[in-house]
Every structure is written in C-alpha cells, then in structure tokens.
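J.: Below are the structure tokens for one structure; questions will follow.
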Amino acid sequence: MVRLGRNYAFQRTLLTLIILIFSVQNNYTFAQSGDYYYRITFRDKGNNTVSSFEAEELMSERAVERRRKAGIIFPDYHDLPVWKEYIDGISSLGLRLHSSSKWMNSALFRSENHVATNDLLSLPFVIDARIVKNGSDKKSHIDKFGPFEEQAEMTTYDNPVVMLQGDVLHDSGLNGKGILIAVLDAGFFNAGLISSLTDLRNRQGIKATYDFVTNSPDVYGYDSHGTAVLSVLAGKSEGMIEGSATGADYLLLRTEDSDTEFPSEEDHWIAAAEYADSAGADIINSSVGYFWFDDPVHNYKQSHLDGNTAYITNAADIAASRGILVVNSAGNERDNEWLSIIAPADGDSVLCVGAVDSDGVISYFSSAGPSADKRIKPDVIAQGVGVTVQISPNDFMMASGTSFSCPVISGMCACLMQAMPEATNIDLITALHYSGNRFSRPDSLYGYGIPDMLTAINYLKDKYTPVRKNGSAIGPNPFHDRLTVFFKESPMKLTAELHTLSGILILRREYKEYYGRSLLIDDLPDLKQGVYILRLITDGGLFVHKVIKADR
C-alpha cells in the first residue's frame, strides 16, 4: 500500500491553484493542426519516497531476485513512479498522457495542436519541456533498418552459432531455458504464424506483448523486422534455422514507428525497458538505435555519443544498473555519412554488437567505434551478413545487418546465464570481452572480436564454481523439485541417469559434449518422495550418488 505524506492534501490544492494561475496568465495558445508529442521532465517526485513503497509494489518477484543476485539496493529513487499530481496538472492543460518514465522522471504527452514549450517551462514543477515529434515529412536519407532486405551469399544455416562455438553450449543442453528476454523492435508481423516459432508458441514461451507506440497489446500488425530478430533468437527448424536461445522466454515489445524517425521513439523504448525491468527480464535485445531524425533539429552529433548525453543511452545505463543485460546493435552506418555507432550502443554498460560475414571479416556497413569519449566500441561482433531469418509462414531468407548479429549474441548470453545463474550482467560483458579473439588488441571495427563461448563459460566457472575435491557433488540433498550436480572438471562427455532403488530408469540425459562444471536437473516436480540413485557417466569415470526426494 502506498503511504502518502501528511501534507498530501495541502500540496495537491496548492498544485491545482498554481496550474490554474499559470494557465490563465499564459493563455496557452493552440495552433496548427497535427500530431505533436512533448517530453516533459519534472523537478522531483513529489511526495513519493523510497519509504512509501514496498519493493513488491513496484516490481515482480523475478525483478526483485535479479537485483538481489546482483547486490543492488532496491527500491531506489529511479524505481519511484512519477508524481501523479504533476501528470494530472499537465493533462488539465489539454495534453493527453502517452507514457511516463520513472527512470527519467518524465512523461510523454500528445496533442493535436502545437503548444508553446515556454508556457510549459513556466510551471514550477517542470524543469524541461521539448517537442519530440511533429508533423515533419520523413526524410529520404533515413534508412530505418539498413541492409535488412539485402540478399547475401548463402551460408550454413547454423554458422552464426557455430562461429561462436555456441553449438557446444546447445549440445550441452544450454538453450536459454529459464531466461526472460525482452525484444524491443518495430513489430512482429507473422510471428504468430511462422513455422520456426511453432515450438515457442506451443510451449507458451511468449510471456507478454505490448505496443508502446499505440499503447495496445497487439504487436503483430506492424513491421516484420522484430519477427526476423525473434527468429534468430528462438527459431527452430532442422536444417533451416537454429536460434541462439530456443529455450528462453520472451517479451515482444514494439517501440519503433517504422514510418518515421523522431525522438519520441526514445521515450517508447524507455517505457518498454521499464516494463521489461518490472517484469523481471534478464536481457534486453535492442536491434534499433538513433542518431538522425526526420526533423534535423533533433539530430545527435558525434560528440553526443559519449555514453552520458543521448537520452536513450542514459536510460539504457539505468536499465543495466537494475541488473539487466542490455544488448544493442552497433548500427549499419559505416558506408554512410554518419559512419559511427548509434545510441544507445554507446552506453558504458551496454553490450554493443557489430557484424562480420561468415568468414569473420567485418561487414562494409557495421558501424565503427570508438565512443566519443574513446571507449572500445563495438564490444564484440558476430555474424550479421547472410543470417537466416524467417518473416513469412513457410519461407526463409538471408538477411544482413547488425540487427541480426545482435540477437545471436543475446541468445548466447541467455545460454551462459542458464549455465551460470550467479553471473551478473557485468560479469557476462567481461566474459565476452575476455573470450574475444581480439582481446589483446581491440580496435574500433571489431572491438574485442568474436567471442568464444567455451572460453566465456570457463571464465565464469572459474569465478563462481569452486573446484571440487571429489569428482562430483550433489546439492541440495534432500531436494524438492530440482537438484544440481557439481563437477571437479568439465565432464566433456556426460550421461546422467536417475534410477529407483529397484533399478527402474526414471530419467536419462546424454550429452556428446558437456562443458559446464555444473548440471541442473529441474524437471522432477512430479517425482514421488523417496530415495533414488543418480549415476553420472563421464570421461573421467562413473560417479554414483544416493539422493532423497522430499515433499515440500
């Protein structure tokens, strides 16, 4: 329950009076019919304080657990909602609320008519007011998604994953299970129909959808760019496509208006990122970014890409401070006038992904670093030329762009999270840097290079999984619905069998290659209470454990 301050009624009356006075004095002028969006930033959060809320009122249990794992103090100032009386005050002037941002302490309002921002700035609780979308025509130089439609030379369908040795993680049973990925994009047309997502739909792996452009739950009636990105993450079709995280769960969030390019889309992105945070997402995959807009007055400059200036970048870094791994495409601008990475890929806590071809050579379009303050960007690279995607029910195509190297990396990170649930988002970024084939000589095109998932998982294992004195150990024992096996060394080849005391086989898992130092067995909730025998057959020998299943 929200606990309001004692002076709430007095402040509300005073605020109403102030708005009325300013409305009369300034005689707000409306003119020029059209579609206008205003970003209004507030001075404070009114009577909302950290002590006014319990964490569970502001975020899901998953979000609480993610922050607890990362050692993040919560809730904090950024978790507090925007003060409702400020929202109501602006609305009373004739503007309609579209969305609000607790992180930025701002709100996006819409009006059919132009409003003088100076009038809004004159309100005592407003510290900034600016128009972020108007009726300008779309400029021809804005290419929203770069070489998406470009047909590239055919490559092996699973090469994007194999290039990173991600196939070994998949062979080890690591597919992103238990990880929640928020996909922020332009729309997911046909995502409810395409064949490679049948398994995702059947297991109800799409946990929520929302369109932050139109404020509607429907994300399927718009652009297919997000569908292509989702197919790189979750697509599964033998011999045609191998998603990087086919076992993960997904939030499909539309933030892009593919017909225009205005800063209001940054506000949509931020609203979606806050939604993802509250829902407990572990990863944000963002194959979008910003630098130039349809109205040049809003354009960013190269100097703004310093990790601290672009509006969306500041929000992306706040998302990272919540424990979310934010993965963003570098951009497709190296063959254009802009050349460089795009926001929010410049964030110091954002994992920026460039694109190479199937031979590991940097693509002609992959945006170059470094950031304006000379940090290494991109962080890592993956295949983004000739990546198999699906956007129509039964047909596959080859597509190119950092939009598609980005989900390759996001999905691999989900697999690493599944293997090492103790690892934080910053741990994962560090592990990917360390495992890059250019770690010792990073540059402005390749960053730290192509990451090796085996090197990355070993880096995380060395940090979080202590070497056991014995060949293997079990925990917890007794267990309820899951148990974990810990190995002294990676077993390489592994067969795990669970038997009753009378020898009846209940469960068998076999891995041709297993590079983890721990194995989670979490599909045992219906097992009856009792004593069982767990047999582990590895290259290092046979290990047998007596385990006890206990009821809750």
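Chains: A, B, ... in order of the structure tokens. Residues: from 1 per chain. Ligands: from 1, in order shown.
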What lies within 9 Å of A:Val132 using only C-alpha atoms, ignoring chain neighbours under 3 positions off, as JSON, numbers by chain?

T.: {"A": [36, 37, 38, 39, 108, 262, 263, 264, 265, 298]}

J.: What are the closest atom pairs, with distances in Å to one decimal, for all residues of stretch 51-145 of chain A lying within 8 Å of stretch 321-343 of chain A? Consider only C-alpha atoms, order rows by chain and residue number, and present the result as a tab-separated table.

T.:
```
residue	atom	partner	partner_atom	distance
A:Arg66	CA	A:Gly323	CA	6.3
A:Arg67	CA	A:Gly323	CA	5.8
A:Ala70	CA	A:Gly323	CA	6.1
A:Ile72	CA	A:Arg322	CA	7.1
A:Phe145	CA	A:Asn332	CA	7.8
```

J.: So what do you get for atom CA of A:Lys463 versus atom CA of A:Pro421, distance-wise?

T.: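 Atom CA of A:Lys463 sits 12.1 Å away from atom CA of A:Pro421.
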
J.: Give me the residues near A:Ser371 as an NGL selection string, where near means some atom within 8 Å (using only C-alpha atoms) and where sequence neighbours in that chain fewer than 3 positions away do not count.

T.: :A and (305-307 or 341 or 346 or 374-377)

J.: List the neighbours of A:Ser405 out to 9 Å using only C-alpha atoms; skip same-chain residues closer than 3 positions along the sequence, and give me the result as a list in words.

T.: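 Listing them by chain and then by number gives Pro160, Val232, Ser287, Ser329, Val353, Gly354, Ala355, Val356, Ile381, Ala382, Gln383, Gly384, Val385, Val387, Ser400, Gly401, Thr402, Val408, Ile409 and Ser410 of chain A.
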
J.: Let's have the selection written as a short mmCIF file (atom, residue, chain, number, x, y, z; two decimals), in the first residue's frame, with N, CA and C atoms.

T.:
```cif
data_model
loop_
_atom_site.label_atom_id
_atom_site.label_comp_id
_atom_site.auth_asym_id
_atom_site.auth_seq_id
_atom_site.Cartn_x
_atom_site.Cartn_y
_atom_site.Cartn_z
N PRO A 160 26.09 -18.79 -37.69
CA PRO A 160 26.20 -17.74 -36.67
C PRO A 160 26.43 -18.27 -35.27
N VAL A 232 15.90 -15.27 -35.21
CA VAL A 232 17.32 -15.52 -34.95
C VAL A 232 17.51 -15.99 -33.50
N SER A 287 17.61 -4.17 -31.32
CA SER A 287 18.19 -4.06 -32.66
C SER A 287 17.73 -2.76 -33.32
N SER A 329 22.46 -3.38 -31.09
CA SER A 329 23.19 -3.41 -32.36
C SER A 329 24.02 -2.14 -32.51
N VAL A 353 27.08 -4.61 -30.32
CA VAL A 353 27.42 -5.75 -31.18
C VAL A 353 27.54 -5.29 -32.63
N GLY A 354 28.70 -5.53 -33.23
CA GLY A 354 28.93 -5.28 -34.65
C GLY A 354 28.69 -6.53 -35.46
N ALA A 355 28.92 -6.44 -36.78
CA ALA A 355 28.59 -7.55 -37.68
C ALA A 355 29.77 -7.92 -38.57
N VAL A 356 30.02 -9.23 -38.70
CA VAL A 356 31.01 -9.76 -39.63
C VAL A 356 30.30 -10.72 -40.59
N ILE A 381 31.61 -8.82 -31.77
CA ILE A 381 31.00 -8.96 -33.08
C ILE A 381 30.49 -10.39 -33.25
N ALA A 382 29.55 -10.53 -34.18
CA ALA A 382 29.03 -11.85 -34.53
C ALA A 382 28.57 -11.77 -35.98
N GLN A 383 28.20 -12.92 -36.55
CA GLN A 383 27.78 -12.91 -37.95
C GLN A 383 26.52 -12.09 -38.11
N GLY A 384 26.58 -11.13 -39.04
CA GLY A 384 25.45 -10.30 -39.36
C GLY A 384 25.27 -10.15 -40.86
N VAL A 385 25.97 -10.97 -41.62
CA VAL A 385 25.85 -10.99 -43.08
C VAL A 385 25.38 -12.38 -43.48
N VAL A 387 22.52 -13.97 -42.58
CA VAL A 387 21.93 -14.70 -41.45
C VAL A 387 20.54 -15.18 -41.86
N SER A 400 20.90 -9.28 -43.76
CA SER A 400 22.15 -8.72 -43.24
C SER A 400 21.87 -7.46 -42.44
N GLY A 401 22.69 -7.24 -41.44
CA GLY A 401 22.57 -6.06 -40.60
C GLY A 401 23.03 -6.39 -39.18
N THR A 402 23.48 -5.37 -38.46
CA THR A 402 23.81 -5.59 -37.05
C THR A 402 22.55 -5.92 -36.25
N VAL A 408 22.05 -12.88 -32.08
CA VAL A 408 22.94 -14.04 -31.94
C VAL A 408 23.65 -13.96 -30.59
N ILE A 409 24.18 -12.77 -30.28
CA ILE A 409 24.88 -12.58 -29.01
C ILE A 409 23.92 -12.62 -27.83
N SER A 410 22.76 -12.00 -27.95
CA SER A 410 21.78 -12.01 -26.85
C SER A 410 21.42 -13.44 -26.46
#
```

J.: Neighbouring residues of A:Gly46 were defined as those with any atom within 9 Å, considering only C-alpha atoms; residues of the same chain fewer than 4 positions away were excluded. Please report them as number ranges by chain.

T.: A: 11, 82-86, 125

J.: DSSP on the backbone, then: every residue of stretch 285-389 of chain A marked alpha helix (DSSP H), written as a PyMOL selection string.

T.: chain A and resi 311-321

J.: With only C-alpha atoms as the atoms that count, which of A:Arg43, A:Lys512, A:Lys69, A:Arg535 lies nearest to A:Asn425?

T.: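 The answer is A:Lys69, which sits nearest to A:Asn425.
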
J.: Among stretch 21-208 of chain A, which residues carry a DSSP assignment of strand (DSSP E), reported as a compact mmCIF listing (two decimals) with N, CA, C and O atoms, in the first residue's frame?

T.:
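Once written, out_31.txt looks like this:
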```txt
# COMPACT_ATOMS: atom_id res chain seq x y z
N ALA A 31 -2.37 26.03 -31.98
CA ALA A 31 -2.47 26.39 -33.40
C ALA A 31 -1.91 25.26 -34.24
O ALA A 31 -1.27 24.35 -33.74
N GLN A 32 -2.14 25.32 -35.49
CA GLN A 32 -1.52 24.41 -36.46
C GLN A 32 -1.86 22.95 -36.16
O GLN A 32 -1.19 22.26 -35.41
N SER A 33 -2.89 22.46 -36.74
CA SER A 33 -3.35 21.10 -36.51
C SER A 33 -2.27 20.09 -36.88
O SER A 33 -1.52 20.28 -37.83
N GLY A 34 -2.20 18.97 -36.16
CA GLY A 34 -1.21 17.94 -36.44
C GLY A 34 -1.07 16.99 -35.27
O GLY A 34 -1.91 16.96 -34.38
N ASP A 35 0.01 16.19 -35.28
CA ASP A 35 0.28 15.22 -34.24
C ASP A 35 1.56 15.63 -33.55
O ASP A 35 2.65 15.51 -34.13
N TYR A 36 1.47 16.09 -32.32
CA TYR A 36 2.63 16.61 -31.61
C TYR A 36 2.83 15.82 -30.31
O TYR A 36 1.87 15.52 -29.60
N TYR A 37 4.09 15.51 -30.03
CA TYR A 37 4.43 14.82 -28.79
C TYR A 37 5.43 15.69 -28.02
O TYR A 37 6.38 16.22 -28.59
N TYR A 38 5.20 15.79 -26.70
CA TYR A 38 6.03 16.62 -25.84
C TYR A 38 6.61 15.76 -24.72
O TYR A 38 5.88 15.00 -24.06
N ARG A 39 7.91 15.88 -24.53
CA ARG A 39 8.58 15.22 -23.40
C ARG A 39 8.75 16.26 -22.30
O ARG A 39 9.44 17.26 -22.48
N ILE A 40 8.15 16.00 -21.16
CA ILE A 40 8.18 16.94 -20.04
C ILE A 40 8.87 16.26 -18.86
O ILE A 40 8.49 15.17 -18.44
N THR A 41 9.91 16.90 -18.36
CA THR A 41 10.68 16.37 -17.25
C THR A 41 10.35 17.17 -15.99
O THR A 41 10.32 18.41 -16.02
N PHE A 42 10.14 16.45 -14.89
CA PHE A 42 9.69 17.07 -13.66
C PHE A 42 10.84 17.31 -12.68
O PHE A 42 11.87 16.63 -12.72
N ARG A 96 -2.63 15.03 -23.67
CA ARG A 96 -3.01 13.67 -23.30
C ARG A 96 -1.76 12.85 -22.99
O ARG A 96 -0.83 12.80 -23.81
N LEU A 97 -1.76 12.20 -21.85
CA LEU A 97 -0.62 11.38 -21.46
C LEU A 97 -0.49 10.17 -22.38
O LEU A 97 -1.45 9.45 -22.62
N HIS A 98 0.73 9.96 -22.91
CA HIS A 98 1.01 8.76 -23.70
C HIS A 98 1.78 7.73 -22.88
O HIS A 98 1.45 6.55 -22.88
N SER A 99 2.80 8.17 -22.16
CA SER A 99 3.57 7.27 -21.30
C SER A 99 4.35 8.12 -20.30
O SER A 99 4.49 9.33 -20.47
N SER A 100 4.84 7.48 -19.26
CA SER A 100 5.70 8.17 -18.30
C SER A 100 6.92 7.32 -18.01
O SER A 100 6.90 6.10 -18.22
N SER A 101 7.96 7.95 -17.52
CA SER A 101 9.21 7.24 -17.20
C SER A 101 9.64 7.56 -15.78
O SER A 101 9.97 8.70 -15.47
N SER A 106 9.99 11.71 -16.14
CA SER A 106 9.43 12.47 -17.25
C SER A 106 8.14 11.82 -17.73
O SER A 106 7.78 10.72 -17.29
N ALA A 107 7.47 12.51 -18.64
CA ALA A 107 6.26 11.95 -19.25
C ALA A 107 6.17 12.44 -20.68
O ALA A 107 6.63 13.53 -21.03
N LEU A 108 5.60 11.58 -21.52
CA LEU A 108 5.38 11.90 -22.92
C LEU A 108 3.90 12.21 -23.12
O LEU A 108 3.04 11.38 -22.82
N PHE A 109 3.62 13.43 -23.60
CA PHE A 109 2.25 13.86 -23.82
C PHE A 109 2.01 14.09 -25.30
O PHE A 109 2.92 14.44 -26.04
N ARG A 110 0.75 13.95 -25.66
CA ARG A 110 0.36 14.10 -27.06
C ARG A 110 -0.68 15.21 -27.19
O ARG A 110 -1.52 15.40 -26.30
N SER A 111 -0.60 15.93 -28.29
CA SER A 111 -1.56 16.99 -28.56
C SER A 111 -1.83 17.07 -30.05
O SER A 111 -0.92 16.84 -30.87
N GLU A 112 -3.05 17.36 -30.42
CA GLU A 112 -3.37 17.54 -31.84
C GLU A 112 -2.94 18.92 -32.32
O GLU A 112 -3.00 19.20 -33.52
N ASN A 113 -2.55 19.79 -31.40
CA ASN A 113 -2.17 21.15 -31.74
C ASN A 113 -0.83 21.49 -31.12
O ASN A 113 -0.40 20.87 -30.13
N HIS A 114 -0.18 22.46 -31.69
CA HIS A 114 1.11 22.91 -31.17
C HIS A 114 0.93 23.65 -29.85
O HIS A 114 -0.01 24.43 -29.68
N VAL A 126 8.13 21.81 -13.48
CA VAL A 126 8.70 21.35 -14.75
C VAL A 126 10.10 21.93 -14.90
O VAL A 126 10.31 23.13 -14.76
N ILE A 127 11.08 21.06 -15.19
CA ILE A 127 12.45 21.56 -15.41
C ILE A 127 12.85 21.48 -16.88
O ILE A 127 13.83 22.10 -17.29
N ASP A 128 12.11 20.73 -17.68
CA ASP A 128 12.42 20.68 -19.11
C ASP A 128 11.16 20.30 -19.87
O ASP A 128 10.38 19.43 -19.42
N ALA A 129 10.94 20.93 -21.01
CA ALA A 129 9.81 20.62 -21.88
C ALA A 129 10.26 20.83 -23.31
O ALA A 129 10.78 21.89 -23.66
N ARG A 130 10.08 19.80 -24.12
CA ARG A 130 10.52 19.91 -25.52
C ARG A 130 9.61 19.08 -26.41
O ARG A 130 9.05 18.06 -25.99
N ILE A 131 9.45 19.54 -27.64
CA ILE A 131 8.69 18.78 -28.61
C ILE A 131 9.58 17.68 -29.16
O ILE A 131 10.75 17.92 -29.51
N VAL A 132 9.07 16.45 -29.20
CA VAL A 132 9.88 15.32 -29.66
C VAL A 132 9.25 14.61 -30.86
O VAL A 132 9.79 13.62 -31.35
N LYS A 133 8.13 15.13 -31.34
CA LYS A 133 7.58 14.64 -32.59
C LYS A 133 6.62 15.69 -33.14
O LYS A 133 5.80 16.23 -32.40
N LEU A 180 14.50 -14.80 -19.34
CA LEU A 180 13.47 -13.97 -19.96
C LEU A 180 14.13 -12.85 -20.76
O LEU A 180 14.88 -12.04 -20.22
N ILE A 181 13.87 -12.84 -22.07
CA ILE A 181 14.46 -11.87 -22.98
C ILE A 181 13.38 -10.92 -23.49
O ILE A 181 12.36 -11.37 -24.03
N ALA A 182 13.59 -9.63 -23.33
CA ALA A 182 12.68 -8.63 -23.89
C ALA A 182 13.23 -8.19 -25.24
O ALA A 182 14.38 -7.75 -25.33
N VAL A 183 12.42 -8.31 -26.28
CA VAL A 183 12.81 -7.91 -27.63
C VAL A 183 12.12 -6.58 -27.93
O VAL A 183 10.89 -6.53 -28.06
N LEU A 184 12.89 -5.50 -28.04
CA LEU A 184 12.37 -4.18 -28.33
C LEU A 184 12.60 -3.90 -29.81
O LEU A 184 13.75 -3.86 -30.26
N ASP A 185 11.51 -3.71 -30.56
CA ASP A 185 11.67 -3.64 -32.01
C ASP A 185 10.49 -2.92 -32.65
O ASP A 185 9.69 -2.28 -31.96
N ILE A 206 6.06 -17.01 -25.29
CA ILE A 206 5.86 -15.56 -25.40
C ILE A 206 5.02 -15.15 -24.21
O ILE A 206 3.81 -15.40 -24.15
N LYS A 207 5.65 -14.52 -23.23
CA LYS A 207 5.01 -14.26 -21.95
C LYS A 207 4.15 -13.00 -21.95
O LYS A 207 3.21 -12.89 -21.15
N ALA A 208 4.46 -12.05 -22.80
CA ALA A 208 3.66 -10.82 -22.87
C ALA A 208 4.00 -10.07 -24.14
O ALA A 208 5.10 -10.22 -24.70
```

J.: If we count only C-alpha atoms, what is near A:Lys102 at a cut-off of 7 Å, once residues fewer than 3 positions away on the same chain are taken out, given as a PyMOL selection string?

T.: chain A and resi 78-82+105-106

J.: Pick from A:Asp249, A:Gly166, A:Thr214, A:Val531: nearest to A:Leu200, with only C-alpha atoms counted?

T.: A:Asp249
